[in-house]
Structure formats: structure tokens, C-alpha cells
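Structure, as C-alpha cells:
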Amino acid sequence: MGLWDRIKRALSGGPAFDPMLTRDRVTLVPLEGVRVPTSEDPAEWSVFHDWLEERGDVRAELLRRFERHEQFEEFLAANALTLMGELAVHLTRRNSRAWRTNLGLTWRHGLPLGLSFRMADEGRPVWPFVEQAFSLPFFSTVEELGIGLSGMEPLMESENGVLVRPAAQRLRRLTLGDFTFPDECELSWAELGDVGSVWRTLPKLEQLTLQGSAVLGEVDAPALKAFSWITVGVDDDDLDALEQARWPLLERFALWAGSSVTADQLQPLLSALPAGVTSLALCNTSLEGVADVLASLPLASRLERLDLSKGTLDDEGARLLLARRARFPRLTSLDVSENYLSLDGMRELGEWVPTTATNQRDALESDGERFVAVGE
């Protein structure tokens, strides 16, 4: 029996899994101002466990069971309603109202680390569920948040100040547009709206993933280390916002630029990336001239990982990249999946650097034309 089935059984009045702890006796103490371990040091977790246990906090038992693999899911299911309130219902695949939020959890030592709310049916906004979670002590250790889509409206229209709540200030990793395409939504249909509130309210954010069209606003992210924007295309305003972004600690940058953006248009943005960037992804992008542009940048000498997948790279483009290989002395990983390379082209790249080159496409199937993998 899986976790969600156990929770459903417990919520429907099934037998308790642990007679030593009833719902009436569950205690959760506030963790505001308390240092929760973020390392894997057993000594730190032992001290934190003892601190919780001294206060009769149920999370001490969660930690113990998780570490010892002693019926952690059964214990969680038996006490889900007290720990998570009404949100426990949404851990089941579909509730009695016949719509879903698909709440998902990941764990660190038995405490909630990641929280995700997938797409809400019937046009219902998903942010109220996030607000509800942030009001519960059980979710006060969450550092990773994924938000799906809210019906047909831009996602951020219903955010309504949720990100200014104290619990949100613990967030270090955020995904807006947390869905699987094309199974749940076409990428071209996903609208995030204005994400400017992210920069204003989450200055400690270290990783941001955007999936869908968005208005970036003035990008000021002093702690951000990884940025990824998965979209069908960007325009001049988007490129300007990225070029002017303030993110001094950035290490990983990924952009699905779309078919209308050329390598020359990307050059100012790539030139403006901070010196710490060692991982670059230019995916779903027209790649004519990309070898010349990349090789001309100081960035080339620092790159360790380069992702050019889902684009229009062919054997000629691969040969141009190989001719400039000396400009990439630190490169250890290259991804050219879903391009237009022949077996020879893939082999030659693989002789230079470890290369991923799966699912190559054939231009002959599109009358000799080459297109990015994901279009409008």
C-alpha cells in the first residue's frame, strides 16, 4: 500500500498505524529563528532531534523513523490530517470534488524539504493552497517550491502576496510552471505573467526555473546561482531584461530562445553573463553562427558544460564548433540531442568531449528545412 493510499485510509477512519501517538496529542513548535540543519552532518541532526524531542514535537519521531526506515510512511499517514490540515486530502490522486492539485513532497531527514502543487483543474488558482501550506508549522522547513498552472489565467495574477509570508523567506529553489509538457500542457499555452515579485520578495533565492511565457521585469537576484527559462521564444524586451540582470553569483544559465532569435542577438546577453557562469544551455534555438559567437566570448574559456539540444545544429555547424575547440579548454560535457547531426557528426563531437546526442532529426522529413524542436 502506497503512502497516498495509507493517507486516504487514515482520513476515512481506518485503523491507526501507531497507537502510541494519537492525533489529539500531536505537537509542532514554531521554528522561526531556529537553526534547522542543512548539511548531512549526523551530529547536527542528532542535536536538532533532541531539541524537538525535549519539546514533545512530533517531528522528532518523524526524524527517528525516517533515519531508521521504521514505518515512516505509515506514521505520516496516520497523522496526516493534524500535520497538514485539509491539504492532506490533496495528497490523494483525486478528491471527491473531482479536481486535483497533485500536492507532492520531498524529504530531508524526515522533514519536508520540497513542496509542489501541480496544475489545478476547473480554472481554480493554485496559490491559495501554497498560502495554506505556509500557514502550517509542518511546512516551515520547506526550501523548494514548485507551482503548476492555474487554469487559463497567467500564473502570477493570483499570487496575491503569498511570497512575502515569513515561510516563503526560507525558499532557496523555485519553479514557476511546474508541469510536464505536452502531457499536461503545451509549452506555448503556459503563461506565467509578471514574475517581478520574485525578485522583490525572495532575495535569498538560489535557483529559479520558469516554464512558460513570462514578463521578467527588472531582474535583481543577489543570491541566484542557477536560472533556467523554458519557453517557446523570447523577444527583444526579454533579451534586454536578461542582459541587464543583476545576479553576481550566477553559475548556471539556461534559455530556450526559440526560432526567431539568432546567435548575433544572443551575443550581448552572453557577454553580460557573470564571470562565475560555467554551465550554459542554449536550447530550442536556431544555432547558425553559434560557434563563432560562443568562441569569441571570454565565457568560452570558463565553460564546463554546454547544452545546445533541441536546436538546428547540423554537421557543418558541428565542424565549425570543432574548429574552435581550443577556445573551450575546460569543457567536459556537451549535449546536442534533438538536432540534425549525422552519425559522423556525432562521432566527431564525441571524440572531442563526452557528448549526449540522442534523438537526432532528419531535415529531409521537413523538405530540407531545419526547425527548433518545440515551436509555437
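For the C-alpha cells, the naming scheme is as follows: chains receive sequential letters (A, B, ...) according to their order of presentation, residues are indexed from 1 within each chain, and ligands are indexed from 1 in presentation order.
Omitting Ser286 (chain A) and its sequence neighbours fewer than 2 positions away, and counting only C-alpha atoms, the residues within 9 Å are Ala257, Gly258, Ser259, Ser260, Val261, Thr262, Ala263, Cys283, Asn284, Glu288, Gly289, Val290, Gly311, Thr312, Leu313, Arg370, Phe371 and Val372 of chain A.
Every protein, DNA or RNA residue with an atom at most 8 Å from region 163-175 of chain A, where only C-alpha atoms count and chain neighbours fewer than 4 positions away do not, is listed here: Phe134, Ser135, Ser140, Thr141, Val142, Glu143, Glu144, Leu145, Gly146, Ile147, Glu159, Ser197, Val198, Thr201, Leu202, Lys204, Leu205, Glu206, Gln207, Leu208, Thr209, Leu210 and Gln211 of chain A.
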Excluding same-chain residues fewer than 3 positions from Leu242 (chain A), what lies within 10 Å of it counting only C-alpha atoms, as a ChimeraX atom specification? /A:216-219,236-239,245-247,268-270,272-273
Same residues, C-alpha atoms, output as a CSV table (one decimal), in the first residue's frame:
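Saved as part.csv:
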chain,number,residue,atom,x,y,z
A,216,LEU,CA,10.7,39.3,-16.3
A,217,GLY,CA,10.7,42.9,-15.1
A,218,GLU,CA,13.9,44.3,-13.5
A,219,VAL,CA,16.0,41.2,-12.6
A,236,ASP,CA,13.8,41.9,-27.6
A,237,ASP,CA,12.4,43.0,-24.2
A,238,ASP,CA,13.2,39.6,-22.7
A,239,LEU,CA,16.8,39.7,-24.1
A,245,ALA,CA,20.1,41.4,-15.0
A,246,ARG,CA,22.0,41.8,-11.7
A,247,TRP,CA,22.9,38.3,-10.5
A,268,PRO,CA,25.1,40.9,-25.9
A,269,LEU,CA,23.3,38.7,-23.3
A,270,LEU,CA,26.0,36.1,-23.3
A,272,ALA,CA,26.9,40.2,-19.9
A,273,LEU,CA,26.8,36.9,-18.0
Shell of 8 Å around Pro248 (chain A), only C-alpha atoms, local chain residues under 5 positions omitted, as a compact mmCIF listing (two decimals) with C-alpha atoms, in the first residue's frame:
# COMPACT_ATOMS: atom_id res chain seq x y z
CA ALA A 221 18.82 38.41 -7.76
CA PRO A 222 21.82 38.81 -5.46
CA ALA A 223 21.93 35.15 -4.34
CA LEU A 224 20.81 33.39 -7.51
CA PRO A 274 28.79 36.97 -14.76
CA GLY A 276 31.14 32.66 -12.48
Would you return as a ChimeraX atom specification the members of region 274-310 of chain A that DSSP assigns to strand (DSSP E) on this structure's backbone? /A:279-285,305-307
One decimal, in Å: what's the spacing between CA of Leu187 (chain A) and CA of Leu149 (chain A)? 11.4 Å
Just to confirm, what's the straight-line distance from CA of Tyr340 (chain A) to CA of Asp367 (chain A) in Å (one decimal)? 13.2 Å
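The space between CA of Asp315 (chain A) and CA of Gln265 (chain A) spans 22.6 Å.
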Near Leu320 (chain A), within 12 Å and counting only C-alpha atoms, which residues show up once chain neighbours fewer than 2 positions away are dropped, as a PDB file with N, CA and C atoms, in the first residue's frame?
ATOM      1  N   LEU A 287      20.733  27.745 -34.395  1.00  0.00           N
ATOM      2  CA  LEU A 287      22.135  27.734 -33.999  1.00  0.00           C
ATOM      3  C   LEU A 287      23.097  28.159 -35.088  1.00  0.00           C
ATOM      4  N   GLU A 288      22.625  28.709 -36.176  1.00  0.00           N
ATOM      5  CA  GLU A 288      23.536  29.180 -37.215  1.00  0.00           C
ATOM      6  C   GLU A 288      24.422  30.296 -36.658  1.00  0.00           C
ATOM      7  N   GLY A 289      25.712  30.124 -36.747  1.00  0.00           N
ATOM      8  CA  GLY A 289      26.657  31.117 -36.252  1.00  0.00           C
ATOM      9  C   GLY A 289      26.969  31.013 -34.774  1.00  0.00           C
ATOM     10  N   VAL A 290      26.400  30.019 -34.074  1.00  0.00           N
ATOM     11  CA  VAL A 290      26.596  29.946 -32.624  1.00  0.00           C
ATOM     12  C   VAL A 290      28.050  29.629 -32.273  1.00  0.00           C
ATOM     13  N   ALA A 291      28.731  28.849 -33.124  1.00  0.00           N
ATOM     14  CA  ALA A 291      30.130  28.514 -32.833  1.00  0.00           C
ATOM     15  C   ALA A 291      30.997  29.767 -32.800  1.00  0.00           C
ATOM     16  N   ASP A 292      30.808  30.630 -33.793  1.00  0.00           N
ATOM     17  CA  ASP A 292      31.596  31.867 -33.838  1.00  0.00           C
ATOM     18  C   ASP A 292      31.304  32.753 -32.637  1.00  0.00           C
ATOM     19  N   VAL A 293      30.013  32.880 -32.289  1.00  0.00           N
ATOM     20  CA  VAL A 293      29.629  33.753 -31.182  1.00  0.00           C
ATOM     21  C   VAL A 293      30.208  33.236 -29.867  1.00  0.00           C
ATOM     22  N   LEU A 294      30.010  31.956 -29.591  1.00  0.00           N
ATOM     23  CA  LEU A 294      30.499  31.398 -28.339  1.00  0.00           C
ATOM     24  C   LEU A 294      32.017  31.476 -28.239  1.00  0.00           C
ATOM     25  N   ALA A 295      32.706  31.142 -29.321  1.00  0.00           N
ATOM     26  CA  ALA A 295      34.169  31.131 -29.300  1.00  0.00           C
ATOM     27  C   ALA A 295      34.756  32.522 -29.111  1.00  0.00           C
ATOM     28  N   LEU A 313      21.403  22.521 -35.060  1.00  0.00           N
ATOM     29  CA  LEU A 313      22.805  22.224 -35.354  1.00  0.00           C
ATOM     30  C   LEU A 313      22.921  21.061 -36.333  1.00  0.00           C
ATOM     31  N   ASP A 314      23.675  21.264 -37.412  1.00  0.00           N
ATOM     32  CA  ASP A 314      23.940  20.186 -38.373  1.00  0.00           C
ATOM     33  C   ASP A 314      25.441  19.919 -38.410  1.00  0.00           C
ATOM     34  N   ASP A 315      25.860  19.058 -39.340  1.00  0.00           N
ATOM     35  CA  ASP A 315      27.271  18.678 -39.399  1.00  0.00           C
ATOM     36  C   ASP A 315      28.177  19.873 -39.681  1.00  0.00           C
ATOM     37  N   GLU A 316      27.719  20.805 -40.509  1.00  0.00           N
ATOM     38  CA  GLU A 316      28.531  21.984 -40.800  1.00  0.00           C
ATOM     39  C   GLU A 316      28.740  22.805 -39.533  1.00  0.00           C
ATOM     40  N   GLY A 317      27.670  22.995 -38.760  1.00  0.00           N
ATOM     41  CA  GLY A 317      27.791  23.716 -37.503  1.00  0.00           C
ATOM     42  C   GLY A 317      28.684  22.985 -36.513  1.00  0.00           C
ATOM     43  N   ALA A 318      28.611  21.645 -36.513  1.00  0.00           N
ATOM     44  CA  ALA A 318      29.471  20.864 -35.628  1.00  0.00           C
ATOM     45  C   ALA A 318      30.933  21.034 -36.015  1.00  0.00           C
ATOM     46  N   LEU A 322      33.993  22.393 -33.778  1.00  0.00           N
ATOM     47  CA  LEU A 322      35.229  21.636 -33.592  1.00  0.00           C
ATOM     48  C   LEU A 322      36.459  22.458 -33.980  1.00  0.00           C
ATOM     49  N   ALA A 323      36.301  23.287 -34.999  1.00  0.00           N
ATOM     50  CA  ALA A 323      37.437  24.105 -35.439  1.00  0.00           C
ATOM     51  C   ALA A 323      37.835  25.123 -34.383  1.00  0.00           C
ATOM     52  N   ARG A 324      36.924  25.406 -33.456  1.00  0.00           N
ATOM     53  CA  ARG A 324      37.186  26.384 -32.401  1.00  0.00           C
ATOM     54  C   ARG A 324      37.313  25.716 -31.032  1.00  0.00           C
ATOM     55  N   ARG A 325      37.589  24.441 -31.026  1.00  0.00           N
ATOM     56  CA  ARG A 325      37.616  23.697 -29.765  1.00  0.00           C
ATOM     57  C   ARG A 325      38.657  24.229 -28.777  1.00  0.00           C
ATOM     58  N   ALA A 326      39.729  24.807 -29.295  1.00  0.00           N
ATOM     59  CA  ALA A 326      40.775  25.327 -28.403  1.00  0.00           C
ATOM     60  C   ALA A 326      40.260  26.451 -27.518  1.00  0.00           C
ATOM     61  N   ARG A 327      39.157  27.088 -27.937  1.00  0.00           N
ATOM     62  CA  ARG A 327      38.583  28.175 -27.144  1.00  0.00           C
ATOM     63  C   ARG A 327      37.787  27.668 -25.942  1.00  0.00           C
ATOM     64  N   GLY A 345      28.876  13.268 -37.679  1.00  0.00           N
ATOM     65  CA  GLY A 345      28.911  14.491 -36.892  1.00  0.00           C
ATOM     66  C   GLY A 345      28.903  14.202 -35.396  1.00  0.00           C
ATOM     67  N   GLU A 348      32.373  12.704 -34.373  1.00  0.00           N
ATOM     68  CA  GLU A 348      33.455  13.676 -34.302  1.00  0.00           C
ATOM     69  C   GLU A 348      33.351  14.535 -33.043  1.00  0.00           C
ATOM     70  N   LEU A 349      32.154  14.932 -32.679  1.00  0.00           N
ATOM     71  CA  LEU A 349      31.981  15.694 -31.445  1.00  0.00           C
ATOM     72  C   LEU A 349      32.341  14.841 -30.234  1.00  0.00           C
TER      73      LEU A 349
END
Taking only region 24-88 of chain A into account, list the residues labelled helix (DSSP H, G or I) by DSSP (computed from the backbone), as a PyMOL selection string. chain A and resi 24-25+42-54+58-68+72-78+80-88
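Minimum atom-to-atom distance to Phe179 (chain A), evaluated using only C-alpha atoms, belongs to A:Ile230 out of A:Ala88, A:Leu52, A:Leu306, A:Ile230.
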